[in-house]
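Containing compact mmCIF, C-alpha atoms: my_file.txt.
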# COMPACT_ATOMS: atom_id res chain seq x y z
CA MET T 21 140.27 73.29 165.22
CA ALA T 22 137.11 74.61 163.56
CA ASP T 23 135.98 78.14 164.32
CA PRO T 24 133.20 77.82 166.98
CA ALA T 25 131.33 80.75 165.43
CA ALA T 26 131.19 78.96 162.10
CA GLN T 27 129.50 75.97 163.76
CA LYS T 28 126.59 77.98 165.20
CA LYS T 29 123.49 78.66 163.16
CA LYS T 30 122.09 82.07 163.96
CA LEU T 31 118.54 82.20 165.24
CA THR T 32 116.11 84.29 163.24
CA VAL T 33 113.26 86.16 164.87
CA ALA T 34 110.92 83.50 163.49
CA SER T 35 112.95 80.66 164.98
CA LEU T 36 113.23 82.54 168.27
CA LEU T 37 109.44 82.88 168.49
CA ALA T 38 109.05 79.19 167.69
CA LEU T 39 110.88 78.32 170.91
CA LYS T 40 107.91 79.31 173.08
CA ASN T 41 106.76 76.24 175.02
CA ILE T 42 109.65 74.25 173.48
CA ARG T 43 112.72 75.28 175.47
CA GLN T 44 114.11 78.18 177.50
CA VAL T 45 115.75 81.05 175.64
CA VAL T 46 119.11 82.12 177.11
CA LEU T 47 119.99 85.81 177.23
CA THR T 48 122.85 87.85 178.66
CA THR T 49 124.63 91.15 178.09
CA ALA T 50 127.88 92.03 176.36
CA PHE T 51 129.50 95.41 175.88
CA ASP T 52 132.75 94.36 174.21
CA GLU T 53 134.04 91.88 171.66
CA TRP T 54 135.51 89.26 174.02
CA THR T 55 132.39 88.93 176.17
CA ALA T 56 130.25 88.65 173.05
CA ARG T 57 132.59 85.99 171.62
CA ALA T 58 132.43 84.05 174.89
CA ALA T 59 128.62 84.25 174.88
CA GLU T 60 128.42 82.97 171.32
CA GLU T 61 130.83 80.11 171.91
CA ALA T 62 128.84 79.19 175.03
CA GLY T 63 125.63 78.90 173.02
CA VAL T 64 123.75 81.96 174.34
CA ASP T 65 120.73 82.69 172.13
CA MET T 66 120.55 86.47 172.44
CA ILE T 67 122.85 89.24 173.64
CA LEU T 68 121.64 92.62 174.85
CA ALA T 69 124.02 95.52 174.28
CA TRP T 70 123.65 99.29 174.53
CA GLY T 71 125.54 102.46 175.32
CA GLU T 72 125.01 105.80 177.01
CA ASN T 73 123.88 107.49 173.79
CA LEU T 74 123.35 106.65 170.13
CA GLU T 75 126.99 106.94 169.05
CA HIS T 76 128.18 104.95 172.05
CA THR T 77 125.56 102.30 171.31
CA LYS T 78 126.77 102.05 167.71
CA PHE T 79 130.37 101.64 168.91
CA ILE T 80 129.37 98.86 171.31
CA LEU T 81 127.19 97.12 168.72
CA ALA T 82 130.10 97.04 166.27
CA ALA T 83 132.29 95.31 168.85
CA VAL T 84 129.57 92.88 169.95
CA ARG T 85 128.62 91.96 166.39
CA LYS T 86 132.28 91.32 165.58
CA GLY T 87 132.55 88.99 168.55
CA ALA T 88 129.18 87.29 168.00
CA PRO T 89 128.34 87.29 164.28
CA ASN T 90 125.87 84.40 164.66
CA THR T 91 123.96 85.46 167.76
CA LEU T 92 120.79 87.56 167.94
CA ILE T 93 121.47 91.01 169.36
CA GLY T 94 118.98 93.28 171.06
CA SER T 95 119.67 96.94 171.77
CA GLY T 96 117.71 99.75 173.38
CA LEU T 97 116.64 103.04 171.88
CA PRO T 98 118.18 106.20 173.33
CA HIS T 99 115.76 108.46 175.18
CA PRO T 100 115.35 111.01 172.33
CA ALA T 101 113.37 108.26 170.57
CA TYR T 102 110.64 108.63 173.17
CA ALA T 103 109.75 112.13 171.97
CA SER T 104 107.79 111.12 168.87
CA GLU T 105 106.99 108.27 166.50
CA GLU T 106 109.24 109.88 163.91
CA ASN T 107 112.22 109.92 166.29
CA CYS T 108 111.43 106.38 167.35
CA LEU T 109 111.43 105.03 163.80
CA THR T 110 114.52 107.01 162.78
CA LEU T 111 116.61 105.87 165.73
CA ALA T 112 115.35 102.29 165.48
CA GLY T 113 116.54 102.29 161.87
CA GLU T 114 119.96 103.56 162.91
CA ILE T 115 120.58 100.91 165.55
CA ARG T 116 119.34 98.18 163.19
CA LEU T 117 121.85 99.34 160.60
CA ALA T 118 124.49 99.27 163.36
CA GLY T 119 123.86 95.56 163.94
CA THR T 120 120.93 95.00 166.27
CA ASP T 121 118.28 92.42 165.39
CA ILE T 122 115.66 93.29 168.00
CA VAL T 123 114.85 96.76 169.32
CA TYR T 124 114.61 96.67 173.09
CA CYS T 125 112.99 99.54 174.96
CA SER T 126 112.62 100.07 178.70
CA GLY T 127 109.84 102.51 179.49
CA LEU T 128 108.68 103.15 175.93
CA VAL T 129 104.89 103.42 175.79
CA PRO T 130 102.97 100.86 173.69
CA ASP T 131 101.86 103.30 170.96
CA LYS T 132 105.52 103.93 170.06
CA PHE T 133 106.04 100.18 169.80
CA ALA T 134 103.01 100.00 167.53
CA ALA T 135 104.61 102.48 165.13
CA MET T 136 107.70 100.27 164.88
CA ALA T 137 105.68 97.07 164.58
CA ARG T 138 103.83 98.54 161.58
CA GLN T 139 107.26 98.89 159.94
CA HIS T 140 108.10 95.25 160.83
CA VAL T 141 110.69 96.19 163.45
CA PRO T 142 111.01 93.33 165.99
CA CYS T 143 110.49 94.88 169.44
CA CYS T 144 110.94 93.75 173.04
CA GLY T 145 109.21 95.59 175.88
CA HIS T 146 109.92 95.70 179.61
CA VAL T 147 107.58 95.32 182.60
CA GLY T 148 107.88 94.86 186.34
CA TYR T 149 110.80 96.70 187.92
CA LEU T 150 112.14 99.29 185.47
CA PRO T 151 115.30 101.07 186.64
CA CYS T 152 114.23 104.16 184.67
CA ASN T 153 111.16 104.36 186.95
CA ASN T 154 113.17 103.77 190.11
CA THR T 155 112.10 107.00 191.81
CA TRP T 156 108.41 106.21 191.36
CA LEU T 157 108.89 102.84 193.02
CA GLY T 158 110.81 104.23 195.97
CA GLY T 159 113.97 102.38 194.97
CA PRO T 160 114.74 98.88 193.67
CA ARG T 161 112.04 96.40 194.66
CA ALA T 162 109.86 93.56 193.44
CA VAL T 163 106.78 94.57 191.48
CA GLY T 164 103.54 92.56 191.57
CA LYS T 165 103.44 91.28 195.14
CA SER T 166 99.94 92.73 195.64
CA HIS T 167 97.04 91.60 193.48
CA GLU T 168 96.59 95.16 192.17
CA GLU T 169 100.22 95.42 191.05
CA ALA T 170 100.17 91.91 189.60
CA LYS T 171 97.10 92.78 187.51
CA ARG T 172 98.79 95.99 186.37
CA VAL T 173 101.79 93.98 185.18
CA TYR T 174 99.42 91.65 183.30
CA ASN T 175 97.65 94.61 181.68
CA GLU T 176 100.96 96.13 180.61
CA VAL T 177 101.99 92.85 179.00
CA MET T 178 98.70 92.64 177.11
CA GLU T 179 99.10 96.23 175.89
CA LEU T 180 102.59 95.46 174.61
CA GLU T 181 101.30 92.34 172.84
CA LYS T 182 98.51 94.39 171.25
CA SER T 183 101.05 96.98 170.09
CA GLY T 184 102.97 94.29 168.17
CA CYS T 185 105.90 93.46 170.46
CA ILE T 186 107.38 90.00 169.98
CA ALA T 187 108.81 89.72 173.48
CA VAL T 188 108.91 91.32 176.91
CA GLU T 189 111.44 91.31 179.73
CA MET T 190 109.72 90.72 183.07
CA GLU T 191 111.94 91.98 185.87
CA CYS T 192 111.57 91.14 189.57
CA VAL T 193 107.97 89.92 189.41
CA PRO T 194 106.81 87.09 191.72
CA ALA T 195 107.39 83.72 190.06
CA LYS T 196 103.74 82.62 190.29
CA VAL T 197 102.53 85.82 188.69
CA ALA T 198 105.15 85.64 185.92
CA ALA T 199 104.24 82.02 185.18
CA GLU T 200 100.54 82.77 184.79
CA ILE T 201 101.12 85.82 182.61
CA SER T 202 103.52 83.85 180.41
CA LYS T 203 100.75 81.31 179.74
CA ARG T 204 98.42 84.08 178.57
CA THR T 205 100.57 85.92 176.04
CA LYS T 206 101.81 84.97 172.59
CA MET T 207 104.95 86.99 173.23
CA LEU T 208 108.13 85.46 174.59
CA VAL T 209 108.53 86.42 178.25
CA PHE T 210 112.13 86.76 179.41
CA SER T 211 112.57 86.43 183.14
CA MET T 212 115.00 88.59 185.03
CA GLY T 213 114.49 87.40 188.57
CA SER T 214 110.89 86.40 187.80
CA GLY T 215 111.14 82.65 188.22
CA PRO T 216 111.68 79.57 186.06
CA ASP T 217 108.36 79.39 184.21
CA CYS T 218 108.78 82.22 181.72
CA ASP T 219 110.05 81.56 178.19
CA GLY T 220 113.65 82.54 178.81
CA GLN T 221 116.19 83.58 181.42
CA PHE T 222 118.12 86.86 181.26
CA ILE T 223 121.00 87.76 183.55
CA PHE T 224 123.65 90.44 183.06
CA SER T 225 126.99 88.87 182.15
CA GLU T 226 128.67 90.72 185.03
CA ASP T 227 126.37 88.89 187.46
CA ILE T 228 127.45 85.55 185.95
CA LEU T 229 131.14 86.23 185.45
CA GLY T 230 131.78 88.09 188.70
CA THR T 231 133.39 91.12 187.09
CA HIS T 232 132.50 93.71 189.73
CA ARG T 233 132.71 94.41 193.47
CA GLY T 234 129.23 95.91 193.74
CA HIS T 235 125.87 94.52 194.78
CA TYR T 236 124.77 91.21 193.25
CA PRO T 237 120.96 90.95 192.98
CA ARG T 238 118.95 88.00 194.28
CA HIS T 239 118.69 86.52 190.76
CA ALA T 240 122.44 86.75 190.07
CA TYR T 241 124.04 83.42 189.16
CA LYS T 242 127.72 83.94 189.82
CA LYS T 243 129.66 81.17 188.07
CA ALA T 244 133.12 82.78 188.15
CA ASN T 245 135.10 85.48 189.96
CA LEU T 246 136.79 87.21 187.04
CA MET T 247 137.41 90.39 189.04
CA ASP T 248 139.49 88.38 191.51
CA VAL T 249 141.27 86.60 188.65
CA ALA T 250 142.03 89.94 186.97
CA VAL T 251 143.30 91.56 190.17
CA ASP T 252 145.51 88.56 190.96
CA ALA T 253 146.99 88.52 187.46
CA LEU T 254 147.65 92.26 187.37
CA LYS T 255 149.08 92.25 190.90
CA SER T 256 151.44 89.42 189.90
CA PHE T 257 152.51 91.40 186.82
CA THR T 258 153.10 94.53 188.92
CA ASP T 259 155.16 92.60 191.47
CA ASP T 260 157.23 90.94 188.74
CA VAL T 261 158.00 94.26 187.04
CA LEU T 262 159.06 95.87 190.32
CA SER T 263 161.22 92.88 191.31
CA GLY T 264 162.86 92.56 187.91
CA ALA T 265 161.36 89.15 187.19
CA TYR T 266 159.72 90.61 184.07
CA PRO T 267 160.73 90.85 181.31
CA GLU T 268 162.78 87.66 180.91
CA LYS T 269 165.07 87.02 177.95
CA LYS T 270 162.25 85.22 176.09
CA HIS T 271 160.16 88.39 176.23
CA SER T 272 162.83 90.52 174.49
CA ILE T 273 163.92 90.88 170.87
CA GLY T 274 167.47 89.76 170.13
CA MET T 275 170.09 91.19 167.74
CA LYS T 276 173.12 89.62 166.04
CA ASP T 277 176.39 90.43 167.80
CA ASP T 278 178.03 91.93 164.71
CA GLU T 279 175.07 94.23 164.05
CA TYR T 280 175.05 95.28 167.69
CA ALA T 281 178.78 96.04 167.54
CA LYS T 282 178.30 98.22 164.46
CA PHE T 283 175.42 100.02 166.17
CA MET T 284 177.54 100.67 169.26
CA ALA T 285 180.44 101.92 167.15
CA SER T 286 178.11 104.48 165.58
CA LEU T 287 177.09 105.99 168.93
CA PRO T 288 178.83 108.76 170.88
CA LEU T 289 179.94 108.01 174.41
CA PRO T 290 177.22 108.51 177.03
CA PRO T 291 177.54 111.74 179.06
I'd like the structure from this file rewritten - as structure tokens, please.
Amino acid sequence: MADPAAQKKKLTVASLLALKNIRQVVLTTAFDEWTARAAEEAGVDMILAWGENLEHTKFILAAVRKGAPNTLIGSGLPHPAYASEENCLTLAGEIRLAGTDIVYCSGLVPDKFAAMARQHVPCCGHVGYLPCNNTWLGGPRAVGKSHEEAKRVYNEVMELEKSGCIAVEMECVPAKVAAEISKRTKMLVFSMGSGPDCDGQFIFSEDILGTHRGHYPRHAYKKANLMDVAVDALKSFTDDVLSGAYPEKKHSIGMKDDEYAKFMASLPLPP
């Protein structure tokens, strides 16, 4: 059977941008090799991956790139990048060397994006509900349900476009608002819970695969229950070990009788 990865042609940034008004772009997350491999074999266009700090991000990117060599990868800058343009450019360079194709930043102001765009770094912004601004919003909620907020989201998108971003994630914005903004920007607009009329759909892999017991957001699209599958498998293993059903003979390494006899003859009697 042919390697599925070898059959997939990797999108370039240029070919990604050319998909606007042609078809939906499909995005998800991966933080390990197997999830990334599954995403690539499933035909996902772009994977987002990041860690808690720069070194952790590099570790995750290495695993994700190994699993998905032919898929676009986006990764966020660590917060020290927000301090200055110099930090921004330096850290963007490091995560690009680590394997990311597109620099993704949640909460980074447009002038920092402009600095990267001048150096031809492909950037993706983030508008609507930003978890990093959770306290200012009074907790998780939709953004843009009033005409003032909707216009603010539009203005933020236009500022990101002006700064040179190639794409923007629009999170938890009313579908009608997201649709109209998408029509008015050259950037790709990736919807996370912002309706069907953006340029792409982005859902965390955990909210598709069912790998956690926590809250599933409104836009989650749970297609499997891998947490239940994992618990059942591990519980079965535990029960089989405790009952003696595992390991069976087929799980053990054998030894020729004459070699075993010689080994036994070489041992002292047990105490």
Do a neighbour search on Gln221 in chain T at 9 Å with only C-alpha atoms, toss out local chain neighbours closer than 5 positions, and write the hits as a ChimeraX atom specification. /T:44-48,209-216
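Taking all atoms listed in the file into account, Ala112 in chain T lies nearest to T:Gln139 out of the set T:Thr91, T:Lys242, T:Gln139, T:Met66.
With distances taken over all atoms listed in the file, T:Gly184 is the one residue among T:Gly184, T:Lys171, T:Ala103, T:Arg161 lying closest to Arg138 in chain T.
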6 Å contact set for Gly94 in chain T, all atoms listed in the file, chain neighbours under 2 positions out, as number ranges by chain: T: 68, 120-124
C-alpha atoms of the current selection, written as a PDB file, in the coordinates of the input:
ATOM      1  CA  LEU T  68     121.640  92.620 174.850  1.00  0.00           C
ATOM      2  CA  THR T 120     120.930  95.000 166.270  1.00  0.00           C
ATOM      3  CA  ASP T 121     118.280  92.420 165.390  1.00  0.00           C
ATOM      4  CA  ILE T 122     115.660  93.290 168.000  1.00  0.00           C
ATOM      5  CA  VAL T 123     114.850  96.760 169.320  1.00  0.00           C
ATOM      6  CA  TYR T 124     114.610  96.670 173.090  1.00  0.00           C
TER       7      TYR T 124
END
Which neighbours of Thr55 in chain T fall inside 10 Å, counting all atoms listed in the file, when residues of the same chain fewer than 5 positions from it are skipped, and could you give them as a ChimeraX atom specification? /T:48-50,60-61,67,83-84,87-88,225-226,229
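CA of Ala135 in chain T is positioned 15.5 Å from CA of Arg116 in chain T.
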Nearest to Lys30 in chain T among T:Asp52, T:Glu181, T:Asp65, T:Asp278, with distances taken over only C-alpha atoms: which residue is it? T:Asp65
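Going from CA of Leu208 in chain T to CA of Gly159 in chain T covers 27.1 Å.
For the pair CA of Asn41 in chain T and CA of Ala198 in chain T, the interatomic distance is 14.5 Å.
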Can you tell me, as lines of an AutoDock Vina configuration file, the centre and edge lengths (Å, one decimal) of the axis-aligned box enclosing all of range 233-245 of chain T's listed atoms after padding each side by 6 Å?
center_x = 126.9
center_y = 88.5
center_z = 191.4
size_x = 28.4
size_y = 26.7
size_z = 18.7
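Neighbouring residues of Gly127 in chain T at 8 Å or closer, counting only C-alpha atoms and skipping chain neighbours under 3 positions away, are T:Gly145, T:His146, T:Leu150, T:Cys152, T:Asn153.
Non-sequential neighbours of Phe79 in chain T (distance at most 12 Å, separation of 2 or more positions within a chain, only C-alpha atoms) are Phe51, Asp52, Glu53, Ala69, Trp70, Gly71, Glu72, Asn73, Leu74, Glu75, His76, Thr77, Leu81, Ala82, Ala83, Val84, Arg85, Lys86, Ile115, Ala118, Gly119 and Thr120 of chain T.
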Which of these residues is nearest to Gly148 in chain T, using only C-alpha atoms: T:Gly264, T:Cys192, T:Gly230, T:Cys108? T:Cys192
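Nearest to Ser126 in chain T of all the residues T:Ser166, T:Thr110, T:Ser95, T:Ser263 is T:Ser95, counting all atoms listed in the file.
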What residues have an atom no more than 10 Å from (101.8, 93.3, 186.4) in the file's own frame, counting all atoms listed in the file, and can you write them as a PDB file with C-alpha atoms, in the coordinates of the input?
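Written output follows (out_27.pdb):
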ATOM      1  CA  VAL T 147     107.580  95.320 182.600  1.00  0.00           C
ATOM      2  CA  GLY T 148     107.880  94.860 186.340  1.00  0.00           C
ATOM      3  CA  TYR T 149     110.800  96.700 187.920  1.00  0.00           C
ATOM      4  CA  VAL T 163     106.780  94.570 191.480  1.00  0.00           C
ATOM      5  CA  GLY T 164     103.540  92.560 191.570  1.00  0.00           C
ATOM      6  CA  LYS T 165     103.440  91.280 195.140  1.00  0.00           C
ATOM      7  CA  SER T 166      99.940  92.730 195.640  1.00  0.00           C
ATOM      8  CA  HIS T 167      97.040  91.600 193.480  1.00  0.00           C
ATOM      9  CA  GLU T 168      96.590  95.160 192.170  1.00  0.00           C
ATOM     10  CA  GLU T 169     100.220  95.420 191.050  1.00  0.00           C
ATOM     11  CA  ALA T 170     100.170  91.910 189.600  1.00  0.00           C
ATOM     12  CA  LYS T 171      97.100  92.780 187.510  1.00  0.00           C
ATOM     13  CA  ARG T 172      98.790  95.990 186.370  1.00  0.00           C
ATOM     14  CA  VAL T 173     101.790  93.980 185.180  1.00  0.00           C
ATOM     15  CA  TYR T 174      99.420  91.650 183.300  1.00  0.00           C
ATOM     16  CA  ASN T 175      97.650  94.610 181.680  1.00  0.00           C
ATOM     17  CA  GLU T 176     100.960  96.130 180.610  1.00  0.00           C
ATOM     18  CA  VAL T 177     101.990  92.850 179.000  1.00  0.00           C
ATOM     19  CA  MET T 178      98.700  92.640 177.110  1.00  0.00           C
ATOM     20  CA  MET T 190     109.720  90.720 183.070  1.00  0.00           C
ATOM     21  CA  VAL T 193     107.970  89.920 189.410  1.00  0.00           C
ATOM     22  CA  PRO T 194     106.810  87.090 191.720  1.00  0.00           C
ATOM     23  CA  VAL T 197     102.530  85.820 188.690  1.00  0.00           C
ATOM     24  CA  ALA T 198     105.150  85.640 185.920  1.00  0.00           C
ATOM     25  CA  ILE T 201     101.120  85.820 182.610  1.00  0.00           C
TER      26      ILE T 201
END
Could you check which of T:Ser256, T:Ser202, T:Asn107, T:Ser272 is closest to Lys40 in chain T, using only C-alpha atoms? T:Ser202
